[in-house]
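Undergrad: PDB, C-alpha atoms (C1' of nucleotides), saved as upload-v8.pdb, coming up:
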```
ATOM      1  CA  MET A  23      26.576 -28.581   1.317
ATOM      2  CA  ALA A  24      23.861 -29.490  -1.160
ATOM      3  CA  THR A  25      25.770 -30.930  -4.091
ATOM      4  CA  ASP A  26      29.379 -31.590  -4.930
ATOM      5  CA  SER A  27      28.950 -30.427  -8.514
ATOM      6  CA  TYR A  28      30.409 -27.095  -7.511
ATOM      7  CA  ALA A  29      33.765 -28.271  -6.238
ATOM      8  CA  HIS A  30      35.362 -25.446  -8.195
ATOM      9  CA  LEU A  31      33.797 -22.892  -5.847
ATOM     10  CA  ALA A  32      34.837 -21.907  -2.338
ATOM     11  CA  TYR A  33      32.508 -22.987   0.480
ATOM     12  CA  TYR A  34      31.172 -19.485   1.051
ATOM     13  CA  GLU A  35      30.587 -19.051  -2.691
ATOM     14  CA  ARG A  36      28.638 -22.291  -2.852
ATOM     15  CA  LEU A  37      26.434 -21.125  -0.001
ATOM     16  CA  VAL A  38      25.836 -17.800  -1.727
ATOM     17  CA  LEU A  39      24.919 -19.606  -4.940
ATOM     18  CA  GLN A  40      22.645 -22.015  -3.072
ATOM     19  CA  ILE A  41      20.697 -19.191  -1.445
ATOM     20  CA  LYS A  42      20.457 -17.211  -4.673
ATOM     21  CA  THR A  43      19.116 -20.302  -6.414
ATOM     22  CA  GLN A  44      16.498 -20.918  -3.739
ATOM     23  CA  ILE A  45      15.356 -17.308  -4.065
ATOM     24  CA  LEU A  46      15.029 -17.647  -7.845
ATOM     25  CA  GLN A  47      13.110 -20.879  -7.370
ATOM     26  CA  GLY A  48      10.682 -19.234  -4.971
ATOM     27  CA  ILE A  49      11.719 -21.468  -2.070
ATOM     28  CA  LEU A  50      12.920 -18.388  -0.231
ATOM     29  CA  LEU A  51      10.593 -15.380  -0.422
ATOM     30  CA  PRO A  52      11.137 -11.692   0.365
ATOM     31  CA  GLY A  53      10.902 -11.182   4.115
ATOM     32  CA  ASP A  54      11.864 -14.770   4.926
ATOM     33  CA  LYS A  55      14.434 -15.086   7.676
ATOM     34  CA  LEU A  56      17.628 -16.995   7.032
ATOM     35  CA  PRO A  57      18.951 -19.313   9.740
ATOM     36  CA  SER A  58      21.369 -17.539  12.031
ATOM     37  CA  VAL A  59      25.043 -17.653  11.236
ATOM     38  CA  ARG A  60      25.597 -20.222  13.964
ATOM     39  CA  GLU A  61      22.562 -22.323  12.994
ATOM     40  CA  MET A  62      23.482 -22.342   9.307
ATOM     41  CA  ALA A  63      27.019 -23.314  10.275
ATOM     42  CA  LYS A  64      25.643 -26.397  12.027
ATOM     43  CA  GLN A  65      23.340 -27.279   9.123
ATOM     44  CA  GLU A  66      26.008 -26.935   6.454
ATOM     45  CA  GLN A  67      28.896 -28.292   8.521
ATOM     46  CA  LEU A  68      30.807 -25.057   8.111
ATOM     47  CA  ASN A  69      32.664 -22.687  10.353
ATOM     48  CA  PRO A  70      30.473 -19.748  11.491
ATOM     49  CA  ASN A  71      33.018 -17.357   9.988
ATOM     50  CA  THR A  72      32.574 -18.982   6.596
ATOM     51  CA  VAL A  73      28.798 -18.537   6.821
ATOM     52  CA  ALA A  74      29.265 -14.946   7.994
ATOM     53  CA  LYS A  75      31.355 -14.301   4.910
ATOM     54  CA  ALA A  76      28.574 -15.637   2.684
ATOM     55  CA  TYR A  77      25.949 -13.559   4.493
ATOM     56  CA  LYS A  78      28.141 -10.480   4.169
ATOM     57  CA  GLN A  79      28.380 -10.913   0.427
ATOM     58  CA  LEU A  80      24.633 -11.493   0.062
ATOM     59  CA  ASP A  81      24.066  -8.270   1.998
ATOM     60  CA  GLN A  82      26.522  -6.358  -0.173
ATOM     61  CA  ASP A  83      24.859  -7.742  -3.295
ATOM     62  CA  GLY A  84      21.499  -6.449  -2.073
ATOM     63  CA  ILE A  85      20.123  -9.994  -1.926
ATOM     64  CA  THR A  86      19.459  -9.799   1.803
ATOM     65  CA  TYR A  87      19.175  -7.145   4.508
ATOM     66  CA  VAL A  88      20.139  -7.266   8.153
ATOM     67  CA  GLU A  89      18.005  -6.198  11.091
ATOM     68  CA  PRO A  90      20.553  -5.724  13.882
ATOM     69  CA  GLY A  91      19.957  -8.096  16.717
ATOM     70  CA  ARG A  92      17.158  -9.908  14.848
ATOM     71  CA  GLY A  93      18.700 -11.638  11.889
ATOM     72  CA  THR A  94      19.175 -11.703   8.117
ATOM     73  CA  PHE A  95      16.175 -11.533   5.779
ATOM     74  CA  ILE A  96      15.523 -11.940   2.060
ATOM     75  CA  ALA A  97      15.206  -8.575   0.324
ATOM     76  CA  GLU A  98      12.795  -7.559  -2.422
ATOM     77  CA  PRO A  99      14.023  -8.467  -5.933
ATOM     78  CA  LEU A 100      16.078  -5.848  -7.745
ATOM     79  CA  THR A 101      13.974  -3.625  -9.975
ATOM     80  CA  LYS A 102      16.540  -1.660 -11.968
ATOM     81  CA  VAL A 103      19.606  -3.471 -13.192
ATOM     82  CA  SER A 104      22.997  -1.920 -12.622
ATOM     83  CA  THR A 105      24.628  -1.215 -15.980
ATOM     84  CA  THR A 106      28.080  -1.490 -14.435
ATOM     85  CA  ALA A 107      27.143  -4.903 -13.033
ATOM     86  CA  ILE A 108      26.115  -6.004 -16.521
ATOM     87  CA  ALA A 109      29.311  -4.651 -18.058
ATOM     88  CA  ALA A 110      31.407  -6.507 -15.492
ATOM     89  CA  PHE A 111      29.444  -9.698 -15.948
ATOM     90  CA  ARG A 112      29.516 -10.015 -19.708
ATOM     91  CA  PRO A 113      33.213 -10.949 -20.033
ATOM     92  CA  LYS A 114      32.596 -13.796 -17.601
ATOM     93  CA  PHE A 115      29.779 -15.062 -19.777
ATOM     94  CA  GLU A 116      31.816 -14.791 -22.958
ATOM     95  CA  ALA A 117      34.711 -16.627 -21.321
ATOM     96  CA  ILE A 118      32.361 -19.469 -20.451
ATOM     97  CA  VAL A 119      31.178 -19.636 -24.059
ATOM     98  CA  VAL A 120      34.763 -19.855 -25.301
ATOM     99  CA  GLU A 121      35.462 -22.619 -22.809
ATOM    100  CA  ALA A 122      32.404 -24.509 -23.994
ATOM    101  CA  LYS A 123      33.317 -24.217 -27.661
ATOM    102  CA  SER A 124      36.875 -25.380 -26.941
ATOM    103  CA  LEU A 125      35.422 -28.474 -25.305
ATOM    104  CA  GLY A 126      33.431 -29.073 -28.472
ATOM    105  CA  ILE A 127      30.114 -28.023 -26.949
ATOM    106  CA  SER A 128      27.924 -26.374 -29.559
ATOM    107  CA  VAL A 129      26.166 -23.060 -29.072
ATOM    108  CA  ASP A 130      22.913 -24.862 -29.742
ATOM    109  CA  LEU A 131      23.499 -27.098 -26.738
ATOM    110  CA  LEU A 132      24.174 -24.007 -24.634
ATOM    111  CA  ARG A 133      20.867 -22.565 -25.846
ATOM    112  CA  GLN A 134      19.167 -25.777 -24.778
ATOM    113  CA  TRP A 135      20.771 -25.635 -21.328
ATOM    114  CA  LEU A 136      19.701 -22.017 -21.062
ATOM    115  CA  SER A 137      16.081 -22.913 -21.741
ATOM    116  CA  GLU A 138      16.199 -25.792 -19.283
ATOM    117  CA  ALA A 139      17.691 -23.550 -16.626
ATOM    118  CA  GLU A 140      14.969 -21.030 -17.337
ATOM    119  CA  GLY A 141      12.413 -23.660 -16.393
ATOM    120  CA  LYS A 142      14.094 -24.346 -13.064
ATOM    121  CA  ILE A 143      14.528 -20.754 -11.977
TER     122      ILE A 143
ATOM    123  CA  MET B   7      47.892  -9.184 -21.727
ATOM    124  CA  ALA B   8      45.328  -8.312 -24.348
ATOM    125  CA  THR B   9      42.420  -6.892 -22.352
ATOM    126  CA  ASP B  10      41.751  -6.131 -18.719
ATOM    127  CA  SER B  11      38.151  -7.323 -18.931
ATOM    128  CA  TYR B  12      39.264 -10.612 -17.466
ATOM    129  CA  ALA B  13      40.694  -9.348 -14.194
ATOM    130  CA  HIS B  14      38.844 -12.169 -12.444
ATOM    131  CA  LEU B  15      41.140 -14.715 -14.059
ATOM    132  CA  ALA B  16      44.713 -15.625 -13.188
ATOM    133  CA  TYR B  17      47.371 -14.588 -15.696
ATOM    134  CA  TYR B  18      47.906 -18.118 -16.968
ATOM    135  CA  GLU B  19      44.137 -18.615 -17.326
ATOM    136  CA  ARG B  20      43.840 -15.411 -19.354
ATOM    137  CA  LEU B  21      46.569 -16.628 -21.679
ATOM    138  CA  VAL B  22      44.824 -19.983 -22.093
ATOM    139  CA  LEU B  23      41.564 -18.211 -22.864
ATOM    140  CA  GLN B  24      43.281 -15.855 -25.294
ATOM    141  CA  ILE B  25      44.816 -18.711 -27.258
ATOM    142  CA  LYS B  26      41.588 -20.714 -27.274
ATOM    143  CA  THR B  27      39.747 -17.653 -28.576
ATOM    144  CA  GLN B  28      42.263 -17.101 -31.363
ATOM    145  CA  ILE B  29      41.887 -20.729 -32.376
ATOM    146  CA  LEU B  30      38.094 -20.421 -32.499
ATOM    147  CA  GLN B  31      38.436 -17.240 -34.526
ATOM    148  CA  GLY B  32      40.704 -18.929 -37.042
ATOM    149  CA  ILE B  33      43.631 -16.666 -36.217
ATOM    150  CA  LEU B  34      45.563 -19.698 -35.056
ATOM    151  CA  LEU B  35      45.280 -22.750 -37.300
ATOM    152  CA  PRO B  36      46.108 -26.426 -36.706
ATOM    153  CA  GLY B  37      49.840 -26.920 -37.132
ATOM    154  CA  ASP B  38      50.681 -23.312 -36.316
ATOM    155  CA  LYS B  39      53.562 -22.928 -33.926
ATOM    156  CA  LEU B  40      53.101 -20.936 -30.757
ATOM    157  CA  PRO B  41      55.886 -18.595 -29.671
ATOM    158  CA  SER B  42      58.330 -20.302 -27.339
ATOM    159  CA  VAL B  43      57.734 -20.100 -23.638
ATOM    160  CA  ARG B  44      60.477 -17.514 -23.289
ATOM    161  CA  GLU B  45      59.329 -15.491 -26.302
ATOM    162  CA  MET B  46      55.690 -15.455 -25.189
ATOM    163  CA  ALA B  47      56.844 -14.376 -21.740
ATOM    164  CA  LYS B  48      58.501 -11.328 -23.288
ATOM    165  CA  GLN B  49      55.460 -10.524 -25.437
ATOM    166  CA  GLU B  50      52.946 -10.794 -22.602
ATOM    167  CA  GLN B  51      55.172  -9.379 -19.880
ATOM    168  CA  LEU B  52      54.884 -12.570 -17.891
ATOM    169  CA  ASN B  53      57.267 -14.878 -16.111
ATOM    170  CA  PRO B  54      58.293 -17.847 -18.284
ATOM    171  CA  ASN B  55      56.952 -20.160 -15.591
ATOM    172  CA  THR B  56      53.509 -18.589 -15.891
ATOM    173  CA  VAL B  57      53.528 -19.130 -19.644
ATOM    174  CA  ALA B  58      54.745 -22.690 -19.145
ATOM    175  CA  LYS B  59      51.777 -23.308 -16.864
ATOM    176  CA  ALA B  60      49.395 -22.050 -19.537
ATOM    177  CA  TYR B  61      51.080 -24.201 -22.217
ATOM    178  CA  LYS B  62      50.881 -27.211 -19.926
ATOM    179  CA  GLN B  63      47.148 -26.781 -19.496
ATOM    180  CA  LEU B  64      46.593 -26.310 -23.227
ATOM    181  CA  ASP B  65      48.505 -29.524 -23.826
ATOM    182  CA  GLN B  66      46.485 -31.399 -21.198
ATOM    183  CA  ASP B  67      43.262 -30.069 -22.715
ATOM    184  CA  GLY B  68      44.306 -31.424 -26.114
ATOM    185  CA  ILE B  69      44.349 -27.938 -27.577
ATOM    186  CA  THR B  70      48.040 -28.126 -28.442
ATOM    187  CA  TYR B  71      50.715 -30.740 -28.817
ATOM    188  CA  VAL B  72      54.411 -30.623 -28.070
ATOM    189  CA  GLU B  73      57.213 -31.718 -30.325
ATOM    190  CA  PRO B  74      60.140 -32.135 -27.942
ATOM    191  CA  GLY B  75      62.942 -29.749 -28.748
ATOM    192  CA  ARG B  76      60.902 -28.049 -31.483
ATOM    193  CA  GLY B  77      58.026 -26.270 -29.819
ATOM    194  CA  THR B  78      54.297 -26.207 -29.150
ATOM    195  CA  PHE B  79      51.802 -26.452 -31.994
ATOM    196  CA  ILE B  80      48.044 -26.065 -32.431
ATOM    197  CA  ALA B  81      46.327 -29.449 -32.565
ATOM    198  CA  GLU B  82      43.454 -30.539 -34.778
ATOM    199  CA  PRO B  83      40.010 -29.625 -33.393
ATOM    200  CA  LEU B  84      38.373 -32.220 -31.173
ATOM    201  CA  THR B  85      36.062 -34.487 -33.100
ATOM    202  CA  LYS B  86      34.244 -36.413 -30.406
ATOM    203  CA  VAL B  87      33.221 -34.536 -27.278
ATOM    204  CA  SER B  88      34.106 -36.010 -23.920
ATOM    205  CA  THR B  89      30.904 -36.747 -22.036
ATOM    206  CA  THR B  90      32.704 -36.383 -18.729
ATOM    207  CA  ALA B  91      33.957 -32.970 -19.815
ATOM    208  CA  ILE B  92      30.395 -31.943 -20.593
ATOM    209  CA  ALA B  93      29.134 -33.249 -17.272
ATOM    210  CA  ALA B  94      31.792 -31.306 -15.428
ATOM    211  CA  PHE B  95      31.147 -28.160 -17.419
ATOM    212  CA  ARG B  96      27.380 -27.914 -17.082
ATOM    213  CA  PRO B  97      27.309 -26.910 -13.377
ATOM    214  CA  LYS B  98      29.625 -24.042 -14.212
ATOM    215  CA  PHE B  99      27.257 -22.859 -16.877
ATOM    216  CA  GLU B 100      24.232 -23.153 -14.620
ATOM    217  CA  ALA B 101      26.025 -21.231 -11.870
ATOM    218  CA  ILE B 102      26.681 -18.421 -14.327
ATOM    219  CA  VAL B 103      23.001 -18.332 -15.257
ATOM    220  CA  VAL B 104      22.002 -18.087 -11.611
ATOM    221  CA  GLU B 105      24.491 -15.266 -11.118
ATOM    222  CA  ALA B 106      23.055 -13.439 -14.114
ATOM    223  CA  LYS B 107      19.461 -13.804 -12.948
ATOM    224  CA  SER B 108      20.415 -12.572  -9.464
ATOM    225  CA  LEU B 109      21.887  -9.470 -11.061
ATOM    226  CA  GLY B 110      18.568  -8.927 -12.839
ATOM    227  CA  ILE B 111      19.879 -10.023 -16.241
ATOM    228  CA  SER B 112      17.135 -11.756 -18.234
ATOM    229  CA  VAL B 113      17.572 -15.096 -19.938
ATOM    230  CA  ASP B 114      16.623 -13.361 -23.177
ATOM    231  CA  LEU B 115      19.616 -11.072 -22.838
ATOM    232  CA  LEU B 116      21.822 -14.102 -22.263
ATOM    233  CA  ARG B 117      20.397 -15.631 -25.450
ATOM    234  CA  GLN B 118      21.279 -12.437 -27.281
ATOM    235  CA  TRP B 119      24.825 -12.494 -25.925
ATOM    236  CA  LEU B 120      25.090 -16.119 -26.969
ATOM    237  CA  SER B 121      24.140 -15.301 -30.540
ATOM    238  CA  GLU B 122      26.541 -12.379 -30.654
ATOM    239  CA  ALA B 123      29.346 -14.549 -29.302
ATOM    240  CA  GLU B 124      28.490 -17.144 -31.931
ATOM    241  CA  GLY B 125      29.235 -14.552 -34.584
ATOM    242  CA  LYS B 126      32.662 -13.777 -33.186
ATOM    243  CA  ILE B 127      33.855 -17.334 -32.776
TER     244      ILE B 127
ATOM    245  C1'  DA C  11      80.892 -31.882 -32.041
ATOM    246  C1'  DT C  12      79.324 -27.557 -30.728
ATOM    247  C1'  DT C  13      75.835 -24.190 -30.304
ATOM    248  C1'  DA C  14      71.312 -22.415 -29.849
ATOM    249  C1'  DG C  15      66.546 -22.982 -29.067
ATOM    250  C1'  DT C  16      62.772 -26.048 -27.441
ATOM    251  C1'  DG C  17      59.597 -27.704 -23.309
ATOM    252  C1'  DT C  18      59.966 -29.240 -18.739
ATOM    253  C1'  DA C  19      61.189 -29.936 -13.824
ATOM    254  C1'  DC C  20      62.821 -28.355  -9.638
ATOM    255  C1'  DT C  21      63.666 -25.240  -5.456
ATOM    256  C1'  DA C  22      62.666 -21.038  -3.263
ATOM    257  C1'  DT C  23      60.330 -16.605  -1.968
ATOM    258  C1'  DG C  24      56.529 -13.342  -1.420
ATOM    259  C1'  DT C  25      51.758 -12.463  -1.708
ATOM    260  C1'  DA C  26      46.938 -13.310  -1.460
ATOM    261  C1'  DT C  27      42.888 -15.972  -0.371
ATOM    262  C1'  DA C  28      40.234 -19.661   1.966
ATOM    263  C1'  DA C  29      38.856 -22.014   5.969
ATOM    264  C1'  DT C  30      39.414 -22.989  10.406
ATOM    265  C1'  DA C  31      39.237 -21.706  15.779
ATOM    266  C1'  DG C  32      38.373 -18.689  19.426
ATOM    267  C1'  DT C  33      36.971 -14.345  21.652
ATOM    268  C1'  DA C  34      34.428 -10.197  22.170
ATOM    269  C1'  DC C  35      30.949  -6.567  21.448
ATOM    270  C1'  DA C  36      26.490  -3.909  20.372
ATOM    271  C1'  DC C  37      22.048  -4.859  19.450
ATOM    272  C1'  DA C  38      17.070  -6.740  20.042
ATOM    273  C1'  DT C  39      13.961  -9.795  22.272
ATOM    274  C1'  DC C  40      11.973 -12.289  26.010
TER     275       DC C  40
ATOM    276  C1'  DG D   2      19.430 -10.505  33.252
ATOM    277  C1'  DA D   3      19.619 -14.077  29.812
ATOM    278  C1'  DT D   4      19.488 -15.365  25.200
ATOM    279  C1'  DG D   5      20.061 -14.992  20.356
ATOM    280  C1'  DT D   6      21.312 -11.798  16.594
ATOM    281  C1'  DG D   7      25.223 -10.014  13.158
ATOM    282  C1'  DT D   8      29.765  -8.370  13.246
ATOM    283  C1'  DA D   9      34.683  -7.500  14.166
ATOM    284  C1'  DC D  10      38.767  -8.844  15.642
ATOM    285  C1'  DT D  11      43.289 -12.045  16.125
ATOM    286  C1'  DA D  12      45.582 -16.163  14.961
ATOM    287  C1'  DT D  13      46.806 -20.424  12.469
ATOM    288  C1'  DT D  14      46.920 -23.610   8.650
ATOM    289  C1'  DA D  15      46.597 -24.683   3.900
ATOM    290  C1'  DT D  16      46.456 -23.648  -0.857
ATOM    291  C1'  DA D  17      47.135 -21.066  -5.164
ATOM    292  C1'  DC D  18      49.400 -17.509  -7.880
ATOM    293  C1'  DA D  19      53.374 -15.193  -9.654
ATOM    294  C1'  DT D  20      57.873 -14.381  -9.473
ATOM    295  C1'  DA D  21      63.183 -15.695  -9.807
ATOM    296  C1'  DG D  22      66.734 -18.738 -10.804
ATOM    297  C1'  DT D  23      68.828 -23.117 -12.194
ATOM    298  C1'  DA D  24      69.152 -27.351 -14.633
ATOM    299  C1'  DC D  25      68.216 -31.067 -18.001
ATOM    300  C1'  DA D  26      66.823 -33.794 -22.261
ATOM    301  C1'  DC D  27      65.616 -33.066 -26.645
ATOM    302  C1'  DT D  28      65.953 -31.131 -31.687
ATOM    303  C1'  DA D  29      68.003 -28.500 -35.262
ATOM    304  C1'  DA D  30      71.464 -25.966 -37.497
ATOM    305  C1'  DT D  31      76.210 -24.691 -37.976
TER     306       DT D  31
END
```
What is this file in C-alpha cells?
TA:
Amino acid sequence: MATDSYAHLAYYERLVLQIKTQILQGILLPGDKLPSVREMAKQEQLNPNTVAKAYKQLDQDGITYVEPGRGTFIAEPLTKVSTTAIAAFRPKFEAIVVEAKSLGISVDLLRQWLSEAEGKI
Amino acid sequence: MATDSYAHLAYYERLVLQIKTQILQGILLPGDKLPSVREMAKQEQLNPNTVAKAYKQLDQDGITYVEPGRGTFIAEPLTKVSTTAIAAFRPKFEAIVVEAKSLGISVDLLRQWLSEAEGKI
DNA sequence: ATTAGTGTACTATGTATAATAGTACACATC
DNA sequence: GATGTGTACTATTATACATAGTACACTAAT
C-alpha cells in the first residue's frame, strides 16, 4: 500500500481512497482501465477478495463501472451531487472538526490544510 | 445517545465526541464533575463498561482527570499542542477532504461548513 | 468502623467486521 | 478452446464492539 499514514483504515478502504485520490489528481482519467482484481492484488500485496471488495465499493459509489468479462474502468465525474450523500457526510466532517479543536488545532490551521489539499487535488 | 447522526461511530466514541463538544461549547467547564460511570450508563442507556471505555479514552486524551474514589472531572484546556498528535491527525483530515470531493462536494462548501462549525464551538 | 459511591480490572459471551484462502461460474476476447 | 475478466460462494482466523457480572482499592460521609 502507498503510505502507512492511513493505518486507521481497513486495507480495502485505503485502496478505495488511493484510487479516488488518483482520480482527483488526474492520474486516472475517465475510461482508464484499472488493473484486474488479481493483478492489483499482486501489486498491493493483498488478497484478491480484499481488492474485489474495494472495486465493489467503487462501483457502488459510481466511481467506476464494470464491463463484464473486460474489466473495471474509471467513470465520468459526477455531475449532480446527491443531497442525501451530503446530509450523511456533514456529521462526519463536523466530528472531525470537534476532534481537531479538542487536540488544540485551530480552525485557521484547518482552513490552511484545506487550501493546501485543494492544490493537490 | 443524543443524536443518531453519528451512526458511523461506536457508542463509546459517540459519548467521547458528545463530551468533547460540550466542553468546546462551554456547557462543561474545567473542574466540572462528570456523572459517575454507573449514572451515565443509566442516562445514556449504555452498559457501564461502555461508559468506562469512553471515560478511559477521555482521560488518556487529557480531556479529563480522575480523582480516585471521587470521580471524573473536566481538565484545563490544553495549552501546547502535541506535534505528534497533529501529524497523526492530518491524514484523517485529508482523507475526509478526498471523500468530500469524490462525492462532488466543493472545497468552498467545506470552508462554509468550517466557518459554521466555528460559530457553534 | 461501617456504609455508600467512585473508577478500574477482570472473565465471559454474542455479534459483527476484516482479511485471509480456496473454489467455481458466466462473460468477453483472442 | 484457452485465457483473462468480475463475481459469488464457503470457510477460517483475528479483531473490535457491546453486553453481563463480579471484584477491588480508594474516598467520603455517617
Undergrad: Quick one: distance from atom CA of Thr105 of chain A to atom CA of Ile127 of chain A in Å, one decimal?
TA: 29.5 Å
Undergrad: Determine the nearest neighbour of Ser42 of chain B from the options C:DA28, C:DG15, C:DT39, C:DC20, counting all atoms listed in the file.
TA: C:DG15
Undergrad: Write out the coordinates of chain B as an mmCIF file with C-alpha atoms, in the coordinates of the input after a least-squares overlay onto chain A built on all ordered Cα pairs.
TA:
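The file below, part-v1.cif, is the result:
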```
data_model
loop_
_atom_site.group_PDB
_atom_site.id
_atom_site.type_symbol
_atom_site.label_atom_id
_atom_site.label_comp_id
_atom_site.auth_asym_id
_atom_site.auth_seq_id
_atom_site.Cartn_x
_atom_site.Cartn_y
_atom_site.Cartn_z
ATOM 1 C CA MET B 7 26.584 -28.586 1.378
ATOM 2 C CA ALA B 8 23.821 -29.544 -1.000
ATOM 3 C CA THR B 9 25.653 -30.956 -4.017
ATOM 4 C CA ASP B 10 29.251 -31.649 -4.914
ATOM 5 C CA SER B 11 28.779 -30.504 -8.505
ATOM 6 C CA TYR B 12 30.241 -27.172 -7.525
ATOM 7 C CA ALA B 13 33.626 -28.350 -6.299
ATOM 8 C CA HIS B 14 35.190 -25.515 -8.289
ATOM 9 C CA LEU B 15 33.674 -22.977 -5.919
ATOM 10 C CA ALA B 16 34.756 -22.006 -2.420
ATOM 11 C CA TYR B 17 32.449 -23.064 0.407
ATOM 12 C CA TYR B 18 31.139 -19.555 0.987
ATOM 13 C CA GLU B 19 30.525 -19.111 -2.756
ATOM 14 C CA ARG B 20 28.552 -22.360 -2.886
ATOM 15 C CA LEU B 21 26.384 -21.159 -0.024
ATOM 16 C CA VAL B 22 25.785 -17.835 -1.773
ATOM 17 C CA LEU B 23 24.841 -19.661 -4.957
ATOM 18 C CA GLN B 24 22.580 -22.047 -3.060
ATOM 19 C CA ILE B 25 20.659 -19.215 -1.430
ATOM 20 C CA LYS B 26 20.389 -17.251 -4.670
ATOM 21 C CA THR B 27 19.036 -20.360 -6.390
ATOM 22 C CA GLN B 28 16.432 -20.941 -3.692
ATOM 23 C CA ILE B 29 15.318 -17.339 -4.039
ATOM 24 C CA LEU B 30 14.955 -17.695 -7.812
ATOM 25 C CA GLN B 31 13.024 -20.914 -7.305
ATOM 26 C CA GLY B 32 10.625 -19.251 -4.895
ATOM 27 C CA ILE B 33 11.688 -21.461 -2.004
ATOM 28 C CA LEU B 34 12.907 -18.382 -0.184
ATOM 29 C CA LEU B 35 10.583 -15.382 -0.352
ATOM 30 C CA PRO B 36 11.150 -11.685 0.397
ATOM 31 C CA GLY B 37 10.958 -11.155 4.143
ATOM 32 C CA ASP B 38 11.905 -14.735 4.967
ATOM 33 C CA LYS B 39 14.485 -15.035 7.689
ATOM 34 C CA LEU B 40 17.660 -16.965 7.043
ATOM 35 C CA PRO B 41 18.976 -19.249 9.775
ATOM 36 C CA SER B 42 21.424 -17.465 12.043
ATOM 37 C CA VAL B 43 25.082 -17.596 11.209
ATOM 38 C CA ARG B 44 25.665 -20.142 13.950
ATOM 39 C CA GLU B 45 22.628 -22.241 13.023
ATOM 40 C CA MET B 46 23.502 -22.297 9.319
ATOM 41 C CA ALA B 47 27.042 -23.290 10.257
ATOM 42 C CA LYS B 48 25.672 -26.349 12.043
ATOM 43 C CA GLN B 49 23.347 -27.234 9.158
ATOM 44 C CA GLU B 50 26.005 -26.935 6.461
ATOM 45 C CA GLN B 51 28.897 -28.266 8.519
ATOM 46 C CA LEU B 52 30.793 -25.038 8.068
ATOM 47 C CA ASN B 53 32.674 -22.665 10.305
ATOM 48 C CA PRO B 54 30.509 -19.730 11.440
ATOM 49 C CA ASN B 55 33.058 -17.377 9.901
ATOM 50 C CA THR B 56 32.568 -18.995 6.502
ATOM 51 C CA VAL B 57 28.814 -18.533 6.761
ATOM 52 C CA ALA B 58 29.313 -14.949 7.905
ATOM 53 C CA LYS B 59 31.382 -14.318 4.788
ATOM 54 C CA ALA B 60 28.588 -15.660 2.599
ATOM 55 C CA TYR B 61 25.977 -13.546 4.433
ATOM 56 C CA LYS B 62 28.184 -10.491 4.053
ATOM 57 C CA GLN B 63 28.379 -10.957 0.305
ATOM 58 C CA LEU B 64 24.631 -11.512 0.000
ATOM 59 C CA ASP B 65 24.089 -8.289 1.913
ATOM 60 C CA GLN B 66 26.538 -6.383 -0.294
ATOM 61 C CA ASP B 67 24.843 -7.783 -3.397
ATOM 62 C CA GLY B 68 21.491 -6.487 -2.147
ATOM 63 C CA ILE B 69 20.110 -10.003 -1.972
ATOM 64 C CA THR B 70 19.484 -9.789 1.766
ATOM 65 C CA TYR B 71 19.227 -7.152 4.432
ATOM 66 C CA VAL B 72 20.216 -7.209 8.072
ATOM 67 C CA GLU B 73 18.125 -6.128 11.004
ATOM 68 C CA PRO B 74 20.684 -5.627 13.764
ATOM 69 C CA GLY B 75 20.114 -7.995 16.638
ATOM 70 C CA ARG B 76 17.290 -9.776 14.799
ATOM 71 C CA GLY B 77 18.801 -11.554 11.839
ATOM 72 C CA THR B 78 19.227 -11.648 8.076
ATOM 73 C CA PHE B 79 16.221 -11.492 5.770
ATOM 74 C CA ILE B 80 15.549 -11.933 2.052
ATOM 75 C CA ALA B 81 15.230 -8.573 0.312
ATOM 76 C CA GLU B 82 12.811 -7.564 -2.421
ATOM 77 C CA PRO B 83 13.988 -8.490 -5.938
ATOM 78 C CA LEU B 84 16.040 -5.868 -7.744
ATOM 79 C CA THR B 85 13.918 -3.670 -9.948
ATOM 80 C CA LYS B 86 16.445 -1.710 -11.958
ATOM 81 C CA VAL B 87 19.540 -3.533 -13.164
ATOM 82 C CA SER B 88 22.916 -1.978 -12.516
ATOM 83 C CA THR B 89 24.571 -1.240 -15.842
ATOM 84 C CA THR B 90 27.995 -1.513 -14.259
ATOM 85 C CA ALA B 91 27.067 -4.933 -12.901
ATOM 86 C CA ILE B 92 26.081 -6.018 -16.394
ATOM 87 C CA ALA B 93 29.284 -4.658 -17.883
ATOM 88 C CA ALA B 94 31.339 -6.530 -15.331
ATOM 89 C CA PHE B 95 29.379 -9.725 -15.811
ATOM 90 C CA ARG B 96 29.475 -10.009 -19.590
ATOM 91 C CA PRO B 97 33.188 -10.936 -19.892
ATOM 92 C CA LYS B 98 32.568 -13.793 -17.497
ATOM 93 C CA PHE B 99 29.781 -15.059 -19.673
ATOM 94 C CA GLU B 100 31.829 -14.754 -22.842
ATOM 95 C CA ALA B 101 34.731 -16.597 -21.212
ATOM 96 C CA ILE B 102 32.384 -19.449 -20.368
ATOM 97 C CA VAL B 103 31.218 -19.602 -23.978
ATOM 98 C CA VAL B 104 34.795 -19.782 -25.210
ATOM 99 C CA GLU B 105 35.511 -22.562 -22.730
ATOM 100 C CA ALA B 106 32.468 -24.469 -23.947
ATOM 101 C CA LYS B 107 33.389 -24.122 -27.613
ATOM 102 C CA SER B 108 36.954 -25.269 -26.876
ATOM 103 C CA LEU B 109 35.524 -28.386 -25.271
ATOM 104 C CA GLY B 110 33.545 -29.006 -28.460
ATOM 105 C CA ILE B 111 30.213 -27.966 -26.941
ATOM 106 C CA SER B 112 28.008 -26.308 -29.567
ATOM 107 C CA VAL B 113 26.264 -22.999 -29.055
ATOM 108 C CA ASP B 114 23.009 -24.813 -29.771
ATOM 109 C CA LEU B 115 23.592 -27.059 -26.783
ATOM 110 C CA LEU B 116 24.243 -23.991 -24.651
ATOM 111 C CA ARG B 117 20.938 -22.547 -25.881
ATOM 112 C CA GLN B 118 19.238 -25.767 -24.847
ATOM 113 C CA TRP B 119 20.821 -25.640 -21.399
ATOM 114 C CA LEU B 120 19.718 -22.035 -21.104
ATOM 115 C CA SER B 121 16.111 -22.939 -21.810
ATOM 116 C CA GLU B 122 16.217 -25.834 -19.376
ATOM 117 C CA ALA B 123 17.702 -23.602 -16.688
ATOM 118 C CA GLU B 124 14.967 -21.073 -17.398
ATOM 119 C CA GLY B 125 12.425 -23.711 -16.453
ATOM 120 C CA LYS B 126 14.060 -24.416 -13.117
ATOM 121 C CA ILE B 127 14.469 -20.837 -11.991
#
```
